>>> print(open('run-v3.cif').read())   # mmCIF, C-alpha atoms and all ligand atoms
data_final
loop_
_atom_site.label_atom_id
_atom_site.label_comp_id
_atom_site.auth_asym_id
_atom_site.auth_seq_id
_atom_site.Cartn_x
_atom_site.Cartn_y
_atom_site.Cartn_z
CA MET U 13 -19.94 6.30 16.16
CA ASN U 14 -18.54 3.52 14.07
CA ILE U 15 -19.79 0.33 15.71
CA ARG U 16 -21.36 -1.97 13.15
CA GLU U 17 -22.39 -5.60 13.36
CA ILE U 18 -20.87 -7.06 10.20
CA THR U 19 -22.23 -10.56 10.61
CA PRO U 20 -23.79 -12.01 13.80
CA GLN U 21 -21.53 -11.35 16.78
CA ILE U 22 -18.71 -9.83 14.73
CA PHE U 23 -18.46 -6.07 15.11
CA TYR U 24 -16.49 -3.28 13.52
CA VAL U 25 -15.09 -1.03 16.28
CA GLY U 26 -12.43 0.90 14.32
CA VAL U 27 -11.73 4.62 14.16
CA ASN U 28 -11.23 7.30 11.52
CA ASP U 29 -8.20 9.55 11.37
CA ARG U 30 -8.95 12.78 9.49
CA THR U 31 -6.14 14.71 11.18
CA THR U 32 -2.86 13.03 10.28
CA VAL U 33 -1.40 14.80 7.25
CA ARG U 34 1.00 12.05 6.17
CA PHE U 35 0.74 8.33 6.90
CA GLU U 36 4.15 7.01 8.03
CA SER U 37 5.20 10.70 7.85
CA LEU U 38 5.37 10.19 4.07
CA TRP U 39 2.12 9.47 2.28
CA PRO U 40 -0.53 12.22 2.07
CA LEU U 41 -4.02 11.39 3.29
CA PRO U 42 -6.37 13.72 1.37
CA ALA U 43 -9.34 11.48 2.26
CA GLY U 44 -8.04 10.39 5.68
CA VAL U 45 -7.44 6.84 6.82
CA SER U 46 -9.21 4.36 9.08
CA TYR U 47 -7.60 2.05 11.60
CA ASN U 48 -9.90 -0.93 11.79
CA SER U 49 -10.44 -3.09 14.85
CA TYR U 50 -12.99 -5.85 15.21
CA ILE U 51 -14.72 -7.62 18.08
CA VAL U 52 -15.70 -11.29 17.91
CA LYS U 53 -18.22 -11.78 20.74
CA ASP U 54 -18.93 -15.24 22.07
CA LYS U 55 -18.51 -16.96 25.43
CA LYS U 56 -15.11 -15.34 25.22
CA THR U 57 -14.60 -11.94 23.63
CA ALA U 58 -11.73 -11.33 21.21
CA LEU U 59 -10.52 -8.00 19.88
CA ILE U 60 -8.69 -8.21 16.56
CA ASP U 61 -5.96 -5.52 16.36
CA THR U 62 -5.92 -2.11 18.03
CA VAL U 63 -5.49 1.39 16.59
CA GLU U 64 -2.90 4.15 16.41
CA LEU U 65 -2.07 5.50 19.87
CA GLY U 66 -3.66 8.91 19.26
CA GLU U 67 -7.01 7.19 18.60
CA ALA U 68 -6.84 4.78 21.56
CA TYR U 69 -9.59 6.43 23.58
CA ALA U 70 -11.92 6.46 20.59
CA LEU U 71 -11.45 2.68 20.40
CA PHE U 72 -11.99 2.31 24.16
CA GLY U 73 -15.23 4.31 23.88
CA HIS U 74 -16.45 1.83 21.27
CA LEU U 75 -15.50 -1.10 23.49
CA ASP U 76 -17.37 0.41 26.46
CA ASP U 77 -20.47 1.05 24.35
CA LEU U 78 -20.47 -2.41 22.85
CA LEU U 79 -19.29 -4.53 25.77
CA GLY U 80 -20.24 -2.57 28.89
CA ASP U 81 -18.46 -4.23 31.80
CA THR U 82 -17.65 -7.40 29.89
CA PRO U 83 -13.88 -7.56 29.57
CA VAL U 84 -11.90 -8.33 26.47
CA ASP U 85 -10.51 -11.85 26.97
CA TYR U 86 -8.15 -11.98 24.00
CA LEU U 87 -6.36 -9.41 21.91
CA VAL U 88 -5.28 -10.91 18.58
CA VAL U 89 -2.32 -9.04 17.11
CA ASN U 90 -2.19 -9.65 13.37
CA HIS U 91 0.37 -6.92 12.70
CA MET U 92 2.79 -4.94 14.86
CA GLU U 93 3.17 -1.73 12.85
CA PRO U 94 2.27 0.98 15.38
CA ASP U 95 -0.76 2.16 13.38
CA HIS U 96 -2.33 -1.07 14.75
CA SER U 97 -0.26 -1.91 17.81
CA GLY U 98 0.04 1.59 19.31
CA SER U 99 -2.81 1.12 21.79
CA ILE U 100 -1.62 -2.27 23.11
CA PRO U 101 -0.02 -0.95 26.34
CA LEU U 102 -3.09 1.11 27.31
CA LEU U 103 -5.39 -1.77 26.41
CA ALA U 104 -3.31 -4.26 28.38
CA ALA U 105 -3.52 -1.96 31.42
CA ARG U 106 -7.28 -1.58 30.97
CA TYR U 107 -7.90 -5.34 30.84
CA PRO U 108 -5.35 -6.93 33.21
CA GLN U 109 -6.72 -10.45 32.58
CA MET U 110 -6.62 -10.11 28.80
CA LYS U 111 -4.31 -12.51 26.95
CA ILE U 112 -2.39 -11.20 23.97
CA VAL U 113 -2.43 -13.66 21.07
CA GLY U 114 0.40 -13.56 18.55
CA ASN U 115 3.16 -15.62 16.99
CA ARG U 116 6.75 -15.75 18.27
CA GLN U 117 7.85 -12.75 16.26
CA THR U 118 4.83 -10.72 17.39
CA VAL U 119 5.58 -11.39 21.02
CA ALA U 120 9.24 -10.43 20.60
CA MET U 121 8.20 -7.12 18.99
CA ILE U 122 5.70 -6.37 21.77
CA GLY U 123 8.57 -6.77 24.22
CA GLY U 124 10.80 -4.51 22.12
CA PHE U 125 8.29 -1.75 21.43
CA TYR U 126 6.14 -1.77 24.55
CA HIS U 127 8.20 -3.60 27.19
CA ILE U 128 5.44 -6.11 27.91
CA ASP U 129 7.23 -9.40 28.46
CA ASP U 130 5.41 -11.29 31.23
CA PRO U 131 4.92 -14.73 29.60
CA ASP U 132 1.56 -15.10 31.38
CA ARG U 133 0.15 -12.31 29.26
CA PHE U 134 0.69 -14.14 25.98
CA ILE U 135 -0.73 -17.03 24.01
CA ILE U 136 1.85 -17.86 21.37
CA VAL U 137 0.37 -19.37 18.22
CA ALA U 138 1.88 -21.12 15.21
CA ASP U 139 0.55 -21.42 11.66
CA GLY U 140 -2.84 -23.16 11.59
CA ASP U 141 -3.41 -23.03 15.36
CA THR U 142 -6.95 -22.41 16.57
CA LEU U 143 -8.49 -20.61 19.52
CA PRO U 144 -12.08 -21.56 20.44
CA LEU U 145 -14.25 -18.70 21.74
CA GLY U 146 -17.45 -20.74 22.23
CA ASP U 147 -19.47 -21.35 19.08
CA ARG U 148 -16.85 -19.49 17.14
CA THR U 149 -13.25 -20.46 16.55
CA LEU U 150 -10.35 -18.36 15.37
CA ARG U 151 -7.68 -19.88 13.15
CA PHE U 152 -4.33 -18.16 12.68
CA LEU U 153 -2.54 -18.14 9.34
CA LEU U 154 0.99 -16.83 9.15
CA THR U 155 1.47 -14.49 6.17
CA PRO U 156 4.99 -13.07 6.63
CA MET U 157 5.99 -9.79 4.93
CA VAL U 158 2.45 -8.59 4.31
CA HIS U 159 3.77 -6.25 5.33
CA TRP U 160 6.16 -7.02 8.21
CA PRO U 161 7.75 -10.42 9.10
CA GLU U 162 5.35 -11.11 12.00
CA THR U 163 2.21 -10.52 9.96
CA MET U 164 -0.58 -13.06 10.22
CA MET U 165 -4.26 -13.30 9.31
CA THR U 166 -7.10 -14.60 11.47
CA PHE U 167 -10.02 -16.63 10.11
CA GLU U 168 -13.30 -17.02 11.99
CA GLU U 169 -14.53 -20.36 10.74
CA SER U 170 -18.29 -20.44 11.40
CA SER U 171 -18.93 -17.13 9.60
CA SER U 172 -16.06 -17.37 7.06
CA THR U 173 -14.74 -13.99 8.15
CA LEU U 174 -11.09 -13.28 7.38
CA PHE U 175 -9.18 -10.57 9.24
CA THR U 176 -6.39 -9.71 6.85
CA GLY U 177 -4.32 -6.94 8.46
CA ASP U 178 -2.96 -4.51 5.86
CA ALA U 179 -3.74 -6.85 2.95
CA PHE U 180 -6.80 -5.66 0.97
CA GLY U 181 -6.53 -2.35 2.82
CA THR U 182 -6.94 1.10 1.29
CA PHE U 183 -6.44 4.70 2.29
CA GLY U 184 -9.60 6.74 2.87
CA ALA U 185 -11.43 7.19 6.17
CA LEU U 186 -14.86 5.55 6.33
CA ASN U 187 -17.75 7.87 5.57
CA GLY U 188 -20.53 6.26 7.59
CA GLY U 189 -20.70 2.98 5.68
CA VAL U 190 -18.41 0.19 6.83
CA VAL U 191 -19.18 -2.82 4.60
CA ASP U 192 -18.58 -2.26 0.86
CA PHE U 193 -22.26 -2.33 -0.16
CA GLU U 194 -23.03 0.46 2.32
CA THR U 195 -20.67 2.95 0.71
CA ASP U 196 -19.36 4.33 -2.58
CA ILE U 197 -16.40 2.02 -3.06
CA GLU U 198 -14.87 3.83 -6.05
CA LEU U 199 -12.96 6.18 -3.70
CA TYR U 200 -11.51 3.20 -1.85
CA LEU U 201 -10.69 1.22 -4.97
CA SER U 202 -8.72 4.15 -6.41
CA GLU U 203 -6.97 4.62 -3.05
CA ALA U 204 -6.17 0.88 -3.05
CA TYR U 205 -3.67 1.41 -5.90
CA ARG U 206 -1.92 4.16 -3.94
CA TYR U 207 -2.03 2.21 -0.67
CA TYR U 208 -0.65 -0.94 -2.25
CA SER U 209 2.10 0.75 -4.29
CA ASN U 210 3.18 3.06 -1.47
CA ILE U 211 3.04 0.68 1.49
CA VAL U 212 3.04 -2.96 0.39
CA GLY U 213 4.59 -2.58 -3.09
CA LYS U 214 7.95 -4.13 -2.28
CA TYR U 215 6.45 -7.39 -1.05
CA GLY U 216 4.62 -8.64 -4.15
CA LYS U 217 5.75 -12.25 -3.95
CA PHE U 218 4.72 -12.47 -0.31
CA VAL U 219 1.32 -10.98 -1.12
CA VAL U 220 0.87 -13.59 -3.86
CA ARG U 221 1.84 -16.35 -1.42
CA ALA U 222 -0.59 -15.03 1.20
CA MET U 223 -3.44 -14.70 -1.31
CA ASN U 224 -2.89 -18.28 -2.50
CA LYS U 225 -3.05 -19.39 1.11
CA VAL U 226 -6.16 -17.54 2.28
CA LEU U 227 -8.43 -16.97 -0.71
CA PRO U 228 -9.14 -20.73 -1.13
CA LEU U 229 -10.89 -20.46 2.25
CA ALA U 230 -13.56 -18.55 0.28
CA PRO U 231 -14.05 -15.85 2.91
CA LYS U 232 -17.47 -14.20 2.92
CA TYR U 233 -16.15 -11.13 4.69
CA ILE U 234 -12.66 -9.69 4.32
CA CYS U 235 -11.88 -7.37 7.20
CA PRO U 236 -8.67 -5.39 6.60
CA THR U 237 -7.07 -2.90 8.98
CA HIS U 238 -7.70 0.07 6.64
CA GLY U 239 -10.69 0.99 4.49
CA PRO U 240 -14.02 -0.79 4.08
CA VAL U 241 -14.92 -4.38 4.91
CA TRP U 242 -15.19 -6.35 1.67
CA HIS U 243 -18.23 -8.56 1.15
CA GLU U 244 -20.06 -8.00 -2.16
CA HIS U 245 -16.97 -6.75 -3.97
CA ILE U 246 -14.28 -9.12 -2.74
CA ASP U 247 -13.57 -9.93 -6.39
CA ARG U 248 -12.75 -6.28 -7.18
CA ILE U 249 -10.31 -5.65 -4.33
CA ALA U 250 -8.76 -9.11 -4.80
CA ALA U 251 -8.29 -8.39 -8.53
CA ILE U 252 -6.43 -5.15 -7.78
CA TYR U 253 -4.16 -6.84 -5.23
CA ASP U 254 -3.60 -9.78 -7.58
CA GLN U 255 -2.71 -7.45 -10.46
CA LEU U 256 -0.32 -5.28 -8.48
CA ALA U 257 1.32 -8.11 -6.53
CA ASN U 258 2.10 -9.84 -9.84
CA TYR U 259 3.35 -6.57 -11.36
CA ARG U 260 0.74 -6.70 -14.14
CA SER U 261 0.13 -3.27 -15.64
CA ASP U 262 -2.75 -1.41 -17.23
CA ALA U 263 -2.15 0.29 -20.59
CA GLY U 264 -0.82 3.82 -20.14
CA VAL U 265 2.30 5.96 -19.99
CA THR U 266 3.60 7.81 -16.94
CA ILE U 267 6.12 10.56 -17.66
CA VAL U 268 8.07 11.68 -14.61
CA TYR U 269 10.48 14.57 -14.97
CA GLY U 270 12.46 17.09 -12.97
CA SER U 271 13.11 20.59 -14.22
CA MET U 272 14.25 23.84 -12.60
CA TYR U 273 14.06 26.22 -15.55
CA GLY U 274 11.74 24.46 -17.99
CA ASN U 275 14.14 23.00 -20.54
CA THR U 276 13.84 19.37 -19.48
CA GLU U 277 10.13 19.95 -18.95
CA ALA U 278 9.80 21.05 -22.58
CA VAL U 279 11.15 17.63 -23.64
CA ALA U 280 8.59 15.91 -21.40
CA GLU U 281 5.76 17.91 -23.00
CA ALA U 282 7.03 17.22 -26.52
CA LEU U 283 7.34 13.50 -25.78
CA ALA U 284 3.76 13.42 -24.47
CA SER U 285 2.51 15.08 -27.69
CA ALA U 286 4.51 12.68 -29.84
CA LEU U 287 3.05 9.68 -27.98
CA ALA U 288 -0.48 11.09 -28.19
CA ALA U 289 0.03 11.64 -31.94
CA ARG U 290 0.86 7.92 -32.14
CA GLY U 291 -2.44 6.95 -30.54
CA GLU U 292 -1.49 6.62 -26.87
CA LYS U 293 -4.42 7.87 -24.78
CA HIS U 294 -3.66 7.41 -21.10
CA ILE U 295 -0.62 9.65 -20.63
CA ARG U 296 0.10 11.39 -17.30
CA LEU U 297 2.93 13.86 -16.71
CA PHE U 298 4.36 14.43 -13.24
CA ASN U 299 6.74 17.15 -12.14
CA ALA U 300 8.80 15.24 -9.57
CA GLY U 301 9.87 18.49 -7.89
CA LYS U 302 6.30 19.55 -7.21
CA ASP U 303 3.89 16.61 -7.39
CA GLU U 304 3.47 14.27 -4.43
CA MET U 305 5.74 11.23 -4.73
CA SER U 306 2.90 9.08 -3.38
CA PHE U 307 0.70 9.70 -6.42
CA ILE U 308 3.61 9.45 -8.87
CA ILE U 309 4.62 6.05 -7.47
CA SER U 310 1.02 4.87 -7.65
CA GLU U 311 0.61 5.79 -11.33
CA ALA U 312 4.04 4.50 -12.32
CA PHE U 313 3.32 1.22 -10.54
CA ARG U 314 -0.02 0.79 -12.29
CA TYR U 315 0.74 1.60 -15.95
CA ASP U 316 2.97 -0.24 -18.40
CA GLY U 317 4.89 2.66 -19.98
CA LEU U 318 7.33 4.67 -17.88
CA ILE U 319 9.42 7.59 -19.12
CA VAL U 320 11.76 9.38 -16.74
CA GLY U 321 13.67 12.62 -17.38
CA SER U 322 16.17 14.64 -15.38
CA PRO U 323 18.54 17.55 -15.74
CA THR U 324 22.08 17.10 -14.52
CA TYR U 325 22.36 18.58 -11.04
CA SER U 326 25.76 18.82 -9.34
CA MET U 327 27.00 15.93 -11.48
CA THR U 328 24.13 13.63 -10.59
CA LEU U 329 20.34 13.36 -10.92
CA PHE U 330 17.97 16.14 -9.94
CA PRO U 331 17.18 15.03 -6.34
CA PRO U 332 13.40 14.37 -6.63
CA VAL U 333 13.99 12.23 -9.75
CA ASP U 334 16.59 10.25 -7.80
CA THR U 335 14.02 9.75 -5.01
CA PHE U 336 11.52 8.50 -7.56
CA MET U 337 13.94 6.06 -9.19
CA LYS U 338 14.98 4.77 -5.79
CA ALA U 339 11.31 4.20 -4.94
CA MET U 340 10.88 2.17 -8.14
CA LYS U 341 14.00 0.14 -7.41
CA THR U 342 13.01 -0.50 -3.79
CA ARG U 343 9.64 -1.81 -4.99
CA GLU U 344 11.38 -4.11 -7.47
CA VAL U 345 9.21 -2.72 -10.25
CA SER U 346 9.35 -4.94 -13.31
CA GLY U 347 7.66 -5.48 -16.65
CA LYS U 348 7.68 -1.80 -17.65
CA THR U 349 8.57 -0.39 -21.04
CA LEU U 350 11.11 2.22 -20.00
CA GLY U 351 12.28 5.42 -21.72
CA LEU U 352 14.90 7.84 -20.36
CA PHE U 353 15.73 11.44 -21.20
CA SER U 354 18.23 13.80 -19.68
CA SER U 355 19.81 17.21 -20.05
CA PHE U 356 22.98 19.07 -19.12
CA THR U 357 24.66 22.41 -19.61
CA TRP U 358 28.40 21.80 -19.35
CA SER U 359 29.03 18.22 -18.21
CA ALA U 360 26.45 15.45 -18.50
CA ALA U 361 25.72 12.97 -15.70
CA ALA U 362 21.92 12.50 -15.40
CA GLY U 363 21.59 10.19 -18.42
CA LYS U 364 24.22 7.80 -17.10
CA GLU U 365 22.65 7.74 -13.64
CA LEU U 366 19.21 6.96 -15.04
CA ALA U 367 20.68 4.16 -17.17
CA ALA U 368 22.43 2.78 -14.08
CA TYR U 369 19.09 2.53 -12.26
CA ALA U 370 17.56 0.77 -15.28
CA GLU U 371 20.39 -1.75 -15.26
CA GLN U 372 20.09 -2.38 -11.51
CA MET U 373 16.36 -2.98 -12.02
CA ASN U 374 16.92 -5.27 -15.02
CA LEU U 375 14.69 -3.05 -17.14
CA PRO U 376 15.77 -2.72 -20.79
CA VAL U 377 15.73 0.88 -22.05
CA ALA U 378 13.41 1.10 -25.05
CA ALA U 379 14.36 4.68 -25.94
CA ALA U 380 16.73 7.36 -24.65
CA LEU U 381 17.81 10.88 -25.50
CA GLU U 382 20.10 13.51 -24.08
CA MET U 383 19.79 17.26 -24.65
CA LYS U 384 22.37 20.01 -24.24
CA GLN U 385 20.91 23.18 -22.71
CA SER U 386 17.66 23.62 -24.67
CA MET U 387 15.53 22.22 -27.47
CA ASN U 388 16.69 22.66 -31.06
CA ASP U 389 16.03 20.90 -34.37
CA ASP U 390 18.22 17.96 -33.35
CA THR U 391 16.21 17.48 -30.15
CA ALA U 392 12.94 17.67 -32.09
CA LYS U 393 14.16 14.90 -34.38
CA ALA U 394 15.44 12.86 -31.39
CA ILE U 395 12.01 13.17 -29.77
CA GLU U 396 10.29 11.75 -32.86
CA ASP U 397 12.76 8.84 -32.97
CA PHE U 398 12.31 8.27 -29.23
CA ALA U 399 8.53 8.17 -29.61
CA ASP U 400 8.74 5.70 -32.53
CA ALA U 401 11.05 3.34 -30.63
CA PHE U 402 9.10 3.63 -27.41
CA ILE U 403 5.71 2.97 -29.01
CA LEU U 404 7.11 -0.01 -30.90
CA ALA U 405 8.43 -1.57 -27.69
CA LEU U 406 5.25 -0.75 -25.78
CA ARG U 407 2.95 -2.30 -28.38
CA LYS U 408 5.16 -5.37 -28.58
CA SER U 409 5.02 -5.86 -24.81
CA ARG U 410 1.22 -5.49 -24.89
CA GLU U 411 0.91 -8.13 -27.62
CA GLN U 412 2.91 -10.56 -25.50
CA LYS U 413 0.48 -10.27 -22.59
C1 LIG U 501 22.46 23.61 -8.49
C2 LIG U 501 22.71 23.31 -9.97
C3 LIG U 501 23.62 22.34 -10.31
C4 LIG U 501 23.90 22.09 -11.66
N1 LIG U 501 24.80 21.11 -11.96
C5 LIG U 501 25.09 20.86 -13.27
C6 LIG U 501 26.05 19.85 -13.64
O1 LIG U 501 26.64 19.19 -12.77
N2 LIG U 501 26.32 19.63 -14.93
C7 LIG U 501 25.67 20.34 -15.92
O2 LIG U 501 25.92 20.09 -17.10
N3 LIG U 501 24.75 21.29 -15.62
C8 LIG U 501 24.45 21.57 -14.32
N4 LIG U 501 23.52 22.54 -14.00
C9 LIG U 501 22.92 23.35 -15.08
C10 LIG U 501 21.57 22.81 -15.57
O3 LIG U 501 21.81 21.90 -16.61
C11 LIG U 501 20.73 23.98 -16.05
O4 LIG U 501 20.34 24.77 -14.96
C12 LIG U 501 19.49 23.54 -16.85
O5 LIG U 501 18.71 24.68 -17.13
C13 LIG U 501 18.67 22.54 -16.05
O6 LIG U 501 17.57 22.04 -16.81
P1 LIG U 501 16.09 22.65 -16.63
O7 LIG U 501 16.01 23.90 -17.45
O8 LIG U 501 15.20 21.56 -17.11
O9 LIG U 501 15.91 22.97 -15.17
C14 LIG U 501 23.24 22.82 -12.66
C15 LIG U 501 22.30 23.76 -12.30
C16 LIG U 501 22.03 24.02 -10.97
C17 LIG U 501 20.99 25.06 -10.63
FE FE U 502 1.57 -2.14 8.05
FE FE U 503 -1.52 -0.57 8.57
#
>>> encode(input="run-v3.cif", output="C-alpha cells", more="lines below")
Ligand SMILES: Cc1cc2nc3c(=O)[nH]c(=O)nc-3n(C[C@H](O)[C@H](O)[C@H](O)COP(=O)(O)O)c2cc1C
Ligand SMILES: [Fe+2]
Ligand SMILES: [Fe+2]
Amino acid sequence: MNIREITPQIFYVGVNDRTTVRFESLWPLPAGVSYNSYIVKDKKTALIDTVELGEAYALFGHLDDLLGDTPVDYLVVNHMEPDHSGSIPLLAARYPQMKIVGNRQTVAMIGGFYHIDDPDRFIIVADGDTLPLGDRTLRFLLTPMVHWPETMMTFEESSSTLFTGDAFGTFGALNGGVVDFETDIELYLSEAYRYYSNIVGKYGKFVVRAMNKVLPLAPKYICPTHGPVWHEHIDRIAAIYDQLANYRSDAGVTIVYGSMYGNTEAVAEALASALAARGEKHIRLFNAGKDEMSFIISEAFRYDGLIVGSPTYSMTLFPPVDTFMKAMKTREVSGKTLGLFSSFTWSAAAGKELAAYAEQMNLPVAAALEMKQSMNDDTAKAIEDFADAFILALRKSREQK
C-alpha cells in the first residue's frame, strides 16, 4: 500500500510497476518503475495525474482507501503520455462530476486518445492560471516539451509543493519509502541519468527553460511522475537535470563498438588499454550488438569522451552501431570529444558513415583510424597515434571547462 501523506493534506497515491519489461517498449526496467499520482485534499479534492492503464485499479484502490465516498472533484493532467493518462477514461467514468483540468493542447489530446470531448468535462487553463481548492490553491505553469508539447507543472502555493510531471523523474519502482529521506536514493540518482538520457534527452533546452521558470519558486517538495518525491535532496536531482540538460559531461570515456568476429573488438580493447596507459581512469566499453542500448546511451550522454567503432556491413555501418549513432544524433548530443574507428574486408564504408554522423552532429573528430581485416603492426601504431591525439583533445576540452 503506497499511500503516504507527504505534507499536510497532500498524499502520494501512485503505483509500482514491477512487471513491464521495457518502458515505451524500448528501455529495460531492471528495478521497475513507478507511476506517481498525488491527491491534494481540501474543500475540493484534486488528483494530479493518473497511472498506466494496467495499474488503474491499483490507483482506484488507493483513492477508495484515502477518500472513501468523497469524490474526486478535479483531475489535473500535467502530461498526456499514456503512462500517466491511460486511466483517464476509467477515472472519468468513475467520477461523472469530476472536471478534467488541462491546457488547450491537453484537452485536444484527450479527445484524440480517449474520445472524451464534452466541453462540460473540462476546465481549460493557461499559463499562470490558478484553481482554488479551499485553503490550498493550484497554479499551472506551462512547460512545453518536457517531454511532450502539452506538458505543464502544477504548484500548490501554501505548501510550496511542485508537481513536475516527468521532470526530475527516475526509473526504479519505490521500495516502501516515498520521500527521498525515507529511502536509499543512490539507486534513483543513478537511474536518473538513464531516465533523462533515454526519455527526455532530446529536449535539453526546454528542460533548461522549465527549470529556470519553476525552481525560483523554491519548492519544498518536488513530486515527479516517476521515482521518489524530492525534499531533502532537491539539490542533487536538480544538479543532475541541470548538468544533463546543458550537455555538461563528467570526465570519462565511453567506447561503443560493433563486432561479429572479434577484429573490430580487438581495436576497441587496444584503444582502451592505450587510453588507460595515458592516465584515463573512467573507461567503459560497450558491445553495441549485445549490451542494452539504454545503458550505452546513458553512459555516452554522461561522459565527455566518446569513441565509436564499426565494421563495414553490407556497405554501411553494423546495424546496432547505426542505431547508437542515430540515438546520439536524435538527442542532439554536443560537447563530446569524439574518436572513430572502422574496419572492412574488401570495400570500406563504415568509416565514412561514422564521419557523416559526426558532421551532421557538428562534432569535430579528434582521432580516427581504419583497419583492413585484422590487427597488424600498422594498426598497433595507428592505435598509439589515435590515443595520443584523442587524449590531447580530451584534456584540452577539460581545461576549457
Ligand atoms: C553480412 C556481412 C556483410 C559484410 N559486408 C561487408 C562490406 O560491405 N564490405 C566489407 O569490406 N566487408 C564486409 N563484410 C566483412 C567484414 O568486414 C568481416 O566479416 C569482418 O570480420 C567484420 O569485422 P569483425 O571481425 O569485427 O566482426 C561483411 C560481413 C558480413 C558478415
Ligand atoms: Fe513522458
Ligand atoms: Fe512518464
>>> residues_around(input="run-v3.cif", residues="range 293-310 of chain U", least_positions_apart="2", cutoff="10 Å", atoms="all atoms listed in the file", output="MDAnalysis selection string")
chainID U and resid 38:41 202:211 213 262:272 277 280:281 284:285 287:291 312:315 317:322 330:337 339:340 343
>>> residues_around(input="run-v3.cif", residues="Leu381 in chain U", least_positions_apart="2", cutoff="12 Å", atoms="only C-alpha atoms", output="PyMOL selection string")
chain U and resi 276+279-280+283+319-323+351-356+362-364+366-367+377-379+383-384+387+390-399+401-402
>>> residues_near_point(input="run-v3.cif", point="(2.2, -4.2, -26.0)", cutoff="12 Å", atoms="all atoms listed in the file", output="PyMOL selection string")
chain U and resi 261-265+292+315-317+347-349+402-413
>>> residues_around(input="run-v3.cif", residues="Thr173 in chain U", least_positions_apart="2", cutoff="6 Å", atoms="all atoms listed in the file", output="PDB file with C-alpha atoms, in the coordinates of the input")
ATOM      1  CA  PHE U 167     -10.020 -16.630  10.110  1.00  0.00           C
ATOM      2  CA  GLU U 168     -13.300 -17.020  11.990  1.00  0.00           C
ATOM      3  CA  SER U 171     -18.930 -17.130   9.600  1.00  0.00           C
ATOM      4  CA  PRO U 231     -14.050 -15.850   2.910  1.00  0.00           C
ATOM      5  CA  LYS U 232     -17.470 -14.200   2.920  1.00  0.00           C
ATOM      6  CA  TYR U 233     -16.150 -11.130   4.690  1.00  0.00           C
TER       7      TYR U 233
END
>>> closest_residue(input="run-v3.cif", among="U:Val119, U:Met373, U:Val226, U:Ala278", to="ligand LIG 501 (chain U)", atoms="all atoms listed in the file")
U:Ala278
>>> residues_near_ligand(input="run-v3.cif", ligand="ligand FE 503 (chain U)", cutoff="8 Å", atoms="all atoms listed in the file", output="PyMOL selection string")
chain U and resi 47+91+93-96+177-178+181+237-238
>>> closest_residue(input="run-v3.cif", among="U:Pro161, U:Gly114, U:Gly188, U:Pro240", to="ligand FE 502 (chain U)", atoms="all atoms listed in the file")
U:Pro161
>>> closest_residue(input="run-v3.cif", among="U:Leu150, U:Leu350, U:Val25, U:Ala104", to="His74 in chain U", atoms="all atoms listed in the file")
U:Val25
>>> residues_around(input="run-v3.cif", residues="Leu59 in chain U", least_positions_apart="6", cutoff="9 Å", atoms="all atoms listed in the file", output="ChimeraX atom specification")
/U:49-53,84-89
>>> atom_distance(input="run-v3.cif", atom1="CA of Ile18 in chain U", atom2="CA of Val137 in chain U")
25.8 Å
>>> atom_distance(input="run-v3.cif", atom1="CA of Lys55 in chain U", atom2="CA of Phe72 in chain U")
20.4 Å
>>> atom_distance(input="run-v3.cif", atom1="CA of Tyr253 in chain U", atom2="CA of Glu371 in chain U")
27.0 Å
